[in-house]
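Here is entry06.cif, consisting of mmCIF, C-alpha atoms and all ligand atoms:
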```cif
data_coords
loop_
_atom_site.label_atom_id
_atom_site.label_comp_id
_atom_site.auth_asym_id
_atom_site.auth_seq_id
_atom_site.Cartn_x
_atom_site.Cartn_y
_atom_site.Cartn_z
CA MET A 17 6.74 -0.20 19.82
CA SER A 18 3.20 1.02 18.97
CA GLU A 19 0.27 -1.40 19.05
CA VAL A 20 0.04 -1.33 15.23
CA ALA A 21 3.78 -1.97 14.78
CA ALA A 22 3.58 -4.87 17.26
CA HIS A 23 0.54 -6.30 15.45
CA TYR A 24 2.43 -6.38 12.15
CA GLU A 25 5.61 -7.80 13.68
CA ASN A 26 3.89 -10.41 15.84
CA LEU A 27 1.43 -11.64 13.22
CA LEU A 28 0.31 -9.78 10.12
CA ALA A 29 3.53 -8.77 8.33
CA ARG A 30 4.55 -12.33 7.42
CA HIS A 31 1.09 -13.01 5.94
CA TYR A 32 0.47 -9.52 4.50
CA THR A 33 1.22 -10.06 0.79
CA TRP A 34 -0.62 -13.42 0.80
CA MET A 35 -3.60 -11.65 2.45
CA LEU A 36 -3.83 -9.24 -0.51
CA GLY A 37 -5.23 -12.20 -2.41
CA ALA A 38 -3.43 -12.15 -5.77
CA ASP A 39 -0.05 -12.50 -7.40
CA PHE A 40 2.29 -9.57 -6.50
CA GLU A 41 2.73 -8.53 -10.16
CA GLU A 42 -1.06 -8.52 -10.71
CA LEU A 43 -1.49 -6.28 -7.64
CA VAL A 44 1.22 -3.94 -8.95
CA ALA A 45 -0.47 -3.73 -12.38
CA GLU A 46 -3.84 -2.93 -10.79
CA GLN A 47 -2.37 -0.14 -8.63
CA ARG A 48 -0.30 1.22 -11.56
CA GLN A 49 -3.53 1.55 -13.54
CA LEU A 50 -5.17 3.38 -10.62
CA LEU A 51 -2.18 5.74 -10.18
CA ASP A 52 -2.01 6.37 -13.91
CA SER A 53 -5.72 7.28 -13.96
CA LEU A 54 -5.09 9.91 -11.24
CA ASP A 55 -2.93 12.08 -13.48
CA ILE A 56 0.26 11.81 -11.42
CA SER A 57 2.60 10.67 -14.19
CA ALA A 58 3.35 14.14 -15.61
CA PHE A 59 6.56 14.89 -13.72
CA GLU A 60 10.13 16.14 -14.18
CA PRO A 61 12.84 13.58 -15.13
CA ASN A 62 14.39 13.53 -11.62
CA ALA A 63 11.11 13.49 -9.74
CA ILE A 64 11.00 11.89 -6.29
CA VAL A 65 7.89 10.14 -4.94
CA LEU A 66 7.16 9.15 -1.34
CA ASP A 67 5.27 5.92 -0.57
CA LEU A 68 4.00 6.35 3.01
CA GLY A 69 3.22 3.05 4.78
CA CYS A 70 4.50 1.12 1.76
CA GLY A 71 3.97 -2.43 3.07
CA SER A 72 5.57 -5.00 0.77
CA GLY A 73 5.74 -2.47 -2.05
CA ILE A 74 2.90 -2.81 -4.58
CA HIS A 75 2.66 0.98 -4.97
CA SER A 76 6.43 1.53 -4.81
CA VAL A 77 6.94 -0.86 -7.74
CA ALA A 78 4.02 0.68 -9.66
CA LEU A 79 5.55 4.15 -9.14
CA ALA A 80 9.00 2.96 -10.27
CA GLN A 81 7.37 1.43 -13.37
CA LEU A 82 5.59 4.76 -14.03
CA GLY A 83 9.05 6.33 -14.33
CA TYR A 84 9.81 8.12 -11.05
CA ALA A 85 13.59 8.49 -10.66
CA THR A 86 13.46 7.90 -6.89
CA VAL A 87 10.80 6.18 -4.79
CA ILE A 88 11.27 6.66 -1.03
CA SER A 89 9.32 3.80 0.56
CA ILE A 90 8.65 4.22 4.27
CA ASP A 91 7.16 1.67 6.68
CA VAL A 92 7.30 0.96 10.40
CA SER A 93 7.38 -2.83 9.93
CA PRO A 94 10.95 -4.19 9.65
CA THR A 95 9.55 -7.46 8.23
CA LEU A 96 7.68 -5.65 5.42
CA VAL A 97 10.62 -3.32 4.69
CA ALA A 98 12.84 -6.44 4.38
CA GLU A 99 10.28 -8.09 2.06
CA LEU A 100 10.04 -4.95 -0.08
CA THR A 101 13.87 -4.75 -0.25
CA ALA A 102 14.06 -8.37 -1.45
CA ARG A 103 11.23 -7.96 -3.97
CA THR A 104 12.53 -4.74 -5.52
CA SER A 105 16.20 -5.47 -6.24
CA ALA A 106 15.42 -5.00 -9.96
CA TYR A 107 14.25 -1.41 -9.25
CA PRO A 108 17.24 0.75 -8.19
CA ALA A 109 14.87 3.76 -7.96
CA ILE A 110 13.28 2.28 -4.82
CA ARG A 111 14.86 3.30 -1.48
CA PRO A 112 13.34 1.42 1.45
CA VAL A 113 13.26 3.29 4.76
CA HIS A 114 12.32 1.77 8.10
CA ALA A 115 10.61 4.63 10.00
CA ASP A 116 7.48 5.64 11.88
CA LEU A 117 5.35 8.21 10.01
CA CYS A 118 4.42 9.68 13.41
CA ALA A 119 8.07 10.70 13.96
CA GLY A 120 7.94 13.23 11.10
CA LEU A 121 9.38 13.09 7.60
CA ASP A 122 12.40 15.40 8.16
CA ALA A 123 14.92 12.59 8.65
CA ALA A 124 14.05 10.96 5.29
CA VAL A 125 13.12 13.93 3.11
CA GLU A 126 14.19 17.53 2.30
CA PRO A 127 11.52 20.28 2.38
CA GLN A 128 9.86 20.99 -1.00
CA SER A 129 11.75 18.12 -2.71
CA ILE A 130 8.93 15.67 -3.45
CA ALA A 131 6.84 15.70 -6.66
CA THR A 132 4.24 13.19 -5.42
CA ALA A 133 3.38 11.50 -2.13
CA VAL A 134 1.06 8.52 -1.78
CA CYS A 135 -0.46 7.00 1.35
CA MET A 136 -2.45 4.08 -0.01
CA GLY A 137 -4.10 0.81 0.86
CA ASP A 138 -5.66 1.92 4.15
CA THR A 139 -2.44 3.05 5.88
CA LEU A 140 -4.01 6.34 7.06
CA PRO A 141 -6.51 4.75 9.55
CA HIS A 142 -3.55 2.87 11.12
CA LEU A 143 -2.23 6.13 12.64
CA PRO A 144 -2.96 6.43 16.37
CA ASP A 145 -5.30 9.46 16.31
CA THR A 146 -6.50 12.45 14.28
CA THR A 147 -3.67 14.64 15.69
CA ALA A 148 -1.11 12.25 14.15
CA ILE A 149 -3.01 12.41 10.86
CA GLY A 150 -3.01 16.24 11.00
CA ARG A 151 0.77 16.24 11.56
CA LEU A 152 1.37 13.83 8.68
CA VAL A 153 -0.76 15.94 6.30
CA GLU A 154 1.23 19.06 7.30
CA ASP A 155 4.54 17.19 6.89
CA VAL A 156 3.49 16.05 3.42
CA PHE A 157 2.44 19.59 2.46
CA ASN A 158 5.86 20.92 3.54
CA VAL A 159 7.92 18.28 1.67
CA LEU A 160 5.95 18.58 -1.60
CA THR A 161 7.21 20.90 -4.31
CA PRO A 162 4.71 23.64 -5.27
CA GLY A 163 2.22 21.94 -7.61
CA GLY A 164 3.03 18.51 -6.07
CA THR A 165 0.33 15.89 -5.53
CA PHE A 166 -0.75 13.79 -2.53
CA VAL A 167 -2.84 10.66 -3.21
CA LEU A 168 -4.64 8.83 -0.39
CA THR A 169 -6.71 5.66 -0.47
CA PHE A 170 -8.43 4.27 2.62
CA ARG A 171 -11.60 2.50 3.74
CA ASP A 172 -14.56 4.46 5.06
CA LEU A 173 -15.32 2.54 8.28
CA THR A 174 -17.85 5.08 9.56
CA ILE A 175 -20.84 2.70 9.24
CA PRO A 176 -20.34 0.03 11.93
CA LEU A 177 -21.02 -3.59 11.00
CA ALA A 178 -23.39 -5.47 13.31
CA GLY A 179 -23.84 -9.04 14.49
CA LEU A 180 -22.35 -11.79 12.34
CA ASP A 181 -21.42 -9.29 9.59
CA ARG A 182 -18.48 -8.37 11.86
CA PHE A 183 -16.82 -11.73 11.01
CA ILE A 184 -15.04 -11.55 7.66
CA GLN A 185 -13.21 -14.35 5.89
CA VAL A 186 -10.26 -12.53 4.34
CA ARG A 187 -8.58 -15.41 2.51
CA ALA A 188 -8.32 -19.19 2.74
CA ASP A 189 -6.24 -21.84 0.99
CA HIS A 190 -4.93 -25.29 1.87
CA GLU A 191 -2.19 -23.90 4.14
CA ARG A 192 -3.68 -20.74 5.68
CA ILE A 193 -7.07 -19.33 6.72
CA MET A 194 -7.46 -15.70 7.72
CA THR A 195 -10.57 -14.42 9.51
CA CYS A 196 -11.09 -10.93 10.80
CA PHE A 197 -13.45 -9.82 13.57
CA LEU A 198 -14.34 -6.12 13.81
CA GLU A 199 -15.29 -4.72 17.22
CA ASP A 200 -16.83 -1.26 17.59
CA GLU A 201 -14.74 1.22 19.65
CA SER A 202 -16.73 4.37 18.88
CA ASP A 203 -14.27 6.56 16.89
CA ALA A 204 -12.30 3.43 15.92
CA VAL A 205 -12.71 -0.23 15.05
CA ARG A 206 -10.71 -2.91 16.84
CA VAL A 207 -9.53 -5.33 14.16
CA HIS A 208 -8.94 -8.84 15.48
CA ASP A 209 -6.93 -10.90 12.99
CA LEU A 210 -7.15 -14.67 13.39
CA ILE A 211 -4.77 -16.62 11.16
CA HIS A 212 -4.74 -20.43 11.08
CA THR A 213 -1.62 -21.97 9.53
CA ARG A 214 -1.12 -25.67 8.84
CA ASP A 215 2.08 -27.30 10.10
CA ALA A 216 3.99 -29.91 8.07
CA ASP A 217 2.27 -32.69 10.09
CA GLY A 218 -1.18 -31.31 9.19
CA THR A 219 -1.90 -29.69 12.58
CA TRP A 220 -3.65 -26.31 12.40
CA ARG A 221 -2.11 -23.57 14.55
CA LEU A 222 -3.95 -20.32 15.44
CA GLY A 223 -2.14 -16.95 15.47
CA LYS A 224 -4.14 -14.02 16.85
CA SER A 225 -3.59 -10.33 17.43
CA SER A 226 -5.59 -7.09 17.31
CA TYR A 227 -5.12 -3.36 16.66
CA ARG A 228 -7.19 -0.17 16.47
CA LYS A 229 -8.13 1.36 13.15
CA LEU A 230 -9.60 4.88 13.02
CA ARG A 231 -13.01 5.55 11.50
CA LEU A 232 -12.20 8.40 9.09
CA PRO A 233 -15.07 10.07 7.25
CA PRO A 234 -13.73 10.90 3.74
CA THR A 235 -15.25 14.41 4.04
CA TRP A 236 -13.22 14.94 7.27
CA VAL A 237 -10.00 13.93 5.49
CA SER A 238 -10.80 16.26 2.55
CA GLY A 239 -11.57 19.09 5.00
CA LEU A 240 -8.28 18.55 6.85
CA LEU A 241 -6.32 18.61 3.57
CA ARG A 242 -8.05 21.91 2.60
CA GLU A 243 -7.35 23.41 6.04
CA VAL A 244 -3.64 22.66 5.62
CA GLY A 245 -3.65 24.40 2.22
CA PHE A 246 -4.20 21.66 -0.38
CA VAL A 247 -6.55 21.99 -3.34
CA VAL A 248 -8.62 18.83 -3.05
CA ALA A 249 -10.47 16.91 -5.81
CA PRO A 250 -13.86 15.29 -5.07
CA VAL A 251 -13.63 11.91 -3.29
CA LYS A 252 -13.75 8.97 -5.75
CA SER A 253 -14.40 5.25 -5.30
CA GLY A 254 -11.42 2.98 -5.94
CA PRO A 255 -10.73 -0.77 -5.99
CA TYR A 256 -11.54 -2.95 -2.91
CA GLY A 257 -14.08 -0.49 -1.52
CA MET A 258 -11.43 2.16 -0.85
CA CYS A 259 -12.11 5.85 -1.34
CA VAL A 260 -9.56 7.84 -3.29
CA ILE A 261 -8.59 11.44 -2.53
CA THR A 262 -6.19 13.46 -4.68
CA ALA A 263 -4.87 16.76 -3.30
CA ARG A 264 -2.51 19.26 -4.88
CA ARG A 265 -0.18 21.74 -3.15
CA PRO A 266 -0.86 25.08 -4.90
CA GLU A 267 1.99 26.69 -6.87
CA ARG A 268 2.00 29.63 -4.45
CA ALA A 269 1.46 28.47 -0.90
CA ARG A 270 2.34 29.60 2.58
CA PRO A 271 4.53 27.05 4.43
CA VAL A 272 2.57 25.21 7.09
CA ARG A 273 3.50 25.55 10.74
CA ALA A 274 3.94 22.21 12.50
CA VAL A 275 1.16 21.17 14.90
CA PRO A 276 2.56 21.73 18.43
C1 LIG B 1 -2.79 -1.87 5.23
S1 LIG B 1 -1.07 -1.79 5.06
C2 LIG B 1 -0.87 -0.95 3.48
C3 LIG B 1 0.46 -1.26 2.83
C4 LIG B 1 0.61 -0.79 1.38
N1 LIG B 1 0.42 0.64 1.25
C5 LIG B 1 -0.36 -1.55 0.51
O1 LIG B 1 -1.34 -0.97 0.05
O2 LIG B 1 -0.13 -2.75 0.28
C6 LIG B 1 -0.64 -0.54 6.21
C7 LIG B 1 0.87 -0.35 6.30
O3 LIG B 1 1.13 0.81 7.07
C8 LIG B 1 2.23 0.54 7.91
N2 LIG B 1 2.13 1.47 9.03
C9 LIG B 1 1.16 1.54 9.98
N3 LIG B 1 1.42 2.54 10.85
C10 LIG B 1 2.58 3.12 10.44
C11 LIG B 1 3.37 4.19 10.93
N4 LIG B 1 3.01 4.87 12.02
N5 LIG B 1 4.51 4.51 10.27
C12 LIG B 1 4.89 3.82 9.16
N6 LIG B 1 4.17 2.78 8.65
C13 LIG B 1 3.03 2.45 9.27
C14 LIG B 1 2.08 -0.92 8.28
O4 LIG B 1 3.31 -1.48 8.74
C15 LIG B 1 1.59 -1.50 6.96
O5 LIG B 1 2.66 -1.89 6.13
#
```
Kindly return the structure encoded in the file as structure tokens.
Ligand SMILES: C[S@@+](CC[C@H](N)C(=O)[O-])C[C@H]1O[C@@H](n2cnc3c(N)ncnc32)[C@H](O)[C@@H]1O
Amino acid sequence: MSEVAAHYENLLARHYTWMLGADFEELVAEQRQLLDSLDISAFEPNAIVLDLGCGSGIHSVALAQLGYATVISIDVSPTLVAELTARTSAYPAIRPVHADLCAGLDAAVEPQSIATAVCMGDTLPHLPDTTAIGRLVEDVFNVLTPGGTFVLTFRDLTIPLAGLDRFIQVRADHERIMTCFLEDESDAVRVHDLIHTRDADGTWRLGKSSYRKLRLPPTWVSGLLREVGFVVAPVKSGPYGMCVITARRPERARPVRAVP
């Protein structure tokens, strides 16, 4: 199991939706509005969309609500895939898949069958290195139909935080307190998650775990998408300090050779 997958299974997955800080339906509505504003709702009646690193499903539900016939929702965390499955029983369009994005998309998806792919909410910097990101971008290019769209949102972590600014209170309530500490690792940030939970007898218990998140300059991601063959729109600012990149596979495009 990769370090990221272990981090989610050992600690973060069971607190993930709570960490997002709002009611699930509110989060879905916010992301639906964002997706709608990105001009991805003009699609054929049987269109398939891929949600890459879907977590507990806020984008998958938003995409089902936008009218996609099939939403293939992929995540490496069994706990989050189980949560998404339980939350989305009212949406038969959503097909949860437990898989690692680094293992390729062939097992889950036919070539040139996907109208839209999204990789949102900072999933991209969770991949182990830039080679894995390059492979994923090529895989997405090859599964998209000509004219298909790829939407990415992620945090620009290229400016390191210093001193006490590296300690971030993520969320706190009467039962749980989540604090994050960010440690510089040059081309990456080590994210230490510290989660206090209160037992029934009032005792506070500390859960802790860490993982590496890549520092990805948005211009580097745009450049990579162009290199692979996408037509890329200018980087925009989105909710929660995320940058938003929309890329389109041209109608006439050479198929991309897999990175060796
Ligand atoms: C920050 S969360 C974003 C989840 C969701 N997109 C959202 O915005 O709520 C990152 C997600 O990526 C998943 N993930 C990380 N590395 C992955 C990989 N190699 N393959 C599949 N999923 C991965 C994690 O399990 C987690 O659910």
Exercise. List all protein, DNA and RNA residues that have at least one atom no more than 7 Å from any atom of ligand LIG 1 (chain B), counting all atoms listed in the file, and write them as a list in words.
Key: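 Using all atoms listed in the file, everything at most 7 Å from ligand LIG 1 (chain B) comes to Val20, Ala21, Tyr24, Leu68, Gly69, Cys70, Gly71, Ser72, Gly73, Ile74, His75, Ile90, Asp91, Val92, Ser93, Leu96, Ala115, Asp116, Leu117, Cys118, Cys135, Met136, Gly137, Asp138, Thr139, His142 and Leu143 of chain A.
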Residues near Gln47 of chain A, cut-off 9 Å, only C-alpha atoms, skip fewer than 2 positions along chain, as a PDB file with C-alpha atoms, in the coordinates of the input:
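Result file follows (part.pdb):
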```
ATOM      1  CA  GLU A  42      -1.060  -8.520 -10.710  1.00  0.00           C
ATOM      2  CA  LEU A  43      -1.490  -6.280  -7.640  1.00  0.00           C
ATOM      3  CA  VAL A  44       1.220  -3.940  -8.950  1.00  0.00           C
ATOM      4  CA  ALA A  45      -0.470  -3.730 -12.380  1.00  0.00           C
ATOM      5  CA  GLN A  49      -3.530   1.550 -13.540  1.00  0.00           C
ATOM      6  CA  LEU A  50      -5.170   3.380 -10.620  1.00  0.00           C
ATOM      7  CA  LEU A  51      -2.180   5.740 -10.180  1.00  0.00           C
ATOM      8  CA  ASP A  52      -2.010   6.370 -13.910  1.00  0.00           C
ATOM      9  CA  ILE A  74       2.900  -2.810  -4.580  1.00  0.00           C
ATOM     10  CA  HIS A  75       2.660   0.980  -4.970  1.00  0.00           C
ATOM     11  CA  ALA A  78       4.020   0.680  -9.660  1.00  0.00           C
ATOM     12  CA  PRO A 255     -10.730  -0.770  -5.990  1.00  0.00           C
TER      13      PRO A 255
END
```
Show me, as JSON, the centre and edge lengths in Å to one decimal of the axis-aligned box that covers every listed atom of segment 117-127 of chain A with 6 Å on each side.
```
{"center_x": 9.7, "center_y": 14.2, "center_z": 8.1, "size_x": 22.5, "size_y": 24.1, "size_z": 23.7}
```
Exercise. Using all atoms listed in the file, give me every residue within 6 Å of (10.9, 3.6, -5.0) in file coordinates, as an MDAnalysis selection string.
Key: chainID A and resid 76 80 86:89 109:111
Find the spatial neighbours of Glu19 of chain A, counting only C-alpha atoms, within a cut-off of 9 Å - ignore same-chain residues fewer than 4 positions away - and output them as a PDB file with C-alpha atoms, in the frame of the given file.
```pdb
ATOM      1  CA  HIS A  23       0.540  -6.300  15.450  1.00  0.00           C
ATOM      2  CA  TYR A  24       2.430  -6.380  12.150  1.00  0.00           C
ATOM      3  CA  PRO A 144      -2.960   6.430  16.370  1.00  0.00           C
ATOM      4  CA  SER A 226      -5.590  -7.090  17.310  1.00  0.00           C
ATOM      5  CA  TYR A 227      -5.120  -3.360  16.660  1.00  0.00           C
ATOM      6  CA  ARG A 228      -7.190  -0.170  16.470  1.00  0.00           C
TER       7      ARG A 228
END
```
Practice problem: Could you jot down the atom CA of Leu152 of chain A to atom CA of Leu82 of chain A separation for me, Å, one decimal place? | Solution: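 So the two atoms, atom CA of Leu152 of chain A and atom CA of Leu82 of chain A, lie 24.8 Å apart.
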Residues near Pro127 of chain A, anyone? I mean within 10 Å using all atoms listed in the file, not counting same-chain ones fewer than 3 positions away, as a tab-separated table (two decimals) with C-alpha atoms, keeping the file's coordinate frame.
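Full text of out.tsv as output:
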```tsv
chain	number	residue	atom	x	y	z
A	121	LEU	CA	9.38	13.09	7.60
A	122	ASP	CA	12.40	15.40	8.16
A	130	ILE	CA	8.93	15.67	-3.45
A	155	ASP	CA	4.54	17.19	6.89
A	156	VAL	CA	3.49	16.05	3.42
A	157	PHE	CA	2.44	19.59	2.46
A	158	ASN	CA	5.86	20.92	3.54
A	159	VAL	CA	7.92	18.28	1.67
A	160	LEU	CA	5.95	18.58	-1.60
A	161	THR	CA	7.21	20.90	-4.31
A	271	PRO	CA	4.53	27.05	4.43
```
Quiz item: Between atom CA of His31 of chain A and atom CA of Thr262 of chain A, what is the distance, to one decimal in Å?
Solution: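 Rounded to one decimal, the two atoms are 29.4 Å apart.
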Quiz item: Smallest atom-to-atom distance to Ala204 of chain A: which of A:Asp67, A:Glu41, A:Glu154, A:Asp172, using all atoms listed in the file?
Solution: A:Asp172
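Nearest residue to Ala133 of chain A among A:Ala29, A:Ala63, A:Ile175, A:Ala38 is A:Ala63, counting all atoms listed in the file.
You will find atom CA of Tyr32 of chain A at 21.5 Å from atom CA of Val260 of chain A.
Taking all atoms listed in the file into account, Ala106 of chain A lies nearest to A:Val77 out of the set A:Thr169, A:Val77, A:Leu140, A:Phe246.
If only C-alpha atoms are the atoms counted, then among A:Asn26, A:Thr104, A:Thr95, A:Thr132 the closest residue to Gly223 of chain A is A:Asn26.
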Can you tell me, as a PDB file with C-alpha atoms, in the coordinates of the input, what residues are no more than 12 Å from Arg268 of chain A when counting only C-alpha atoms, ignoring any on the same chain fewer than 4 positions away?
```
ATOM      1  CA  THR A 161       7.210  20.900  -4.310  1.00  0.00           C
ATOM      2  CA  PRO A 162       4.710  23.640  -5.270  1.00  0.00           C
ATOM      3  CA  GLY A 163       2.220  21.940  -7.610  1.00  0.00           C
ATOM      4  CA  GLY A 164       3.030  18.510  -6.070  1.00  0.00           C
ATOM      5  CA  GLY A 245      -3.650  24.400   2.220  1.00  0.00           C
ATOM      6  CA  PHE A 246      -4.200  21.660  -0.380  1.00  0.00           C
ATOM      7  CA  VAL A 247      -6.550  21.990  -3.340  1.00  0.00           C
ATOM      8  CA  ARG A 264      -2.510  19.260  -4.880  1.00  0.00           C
TER       9      ARG A 264
END
```
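Counting only C-alpha atoms, the residue from A:Pro234, A:Pro250, A:Gly150, A:Pro141 that sits nearest to Arg206 of chain A is A:Pro141.
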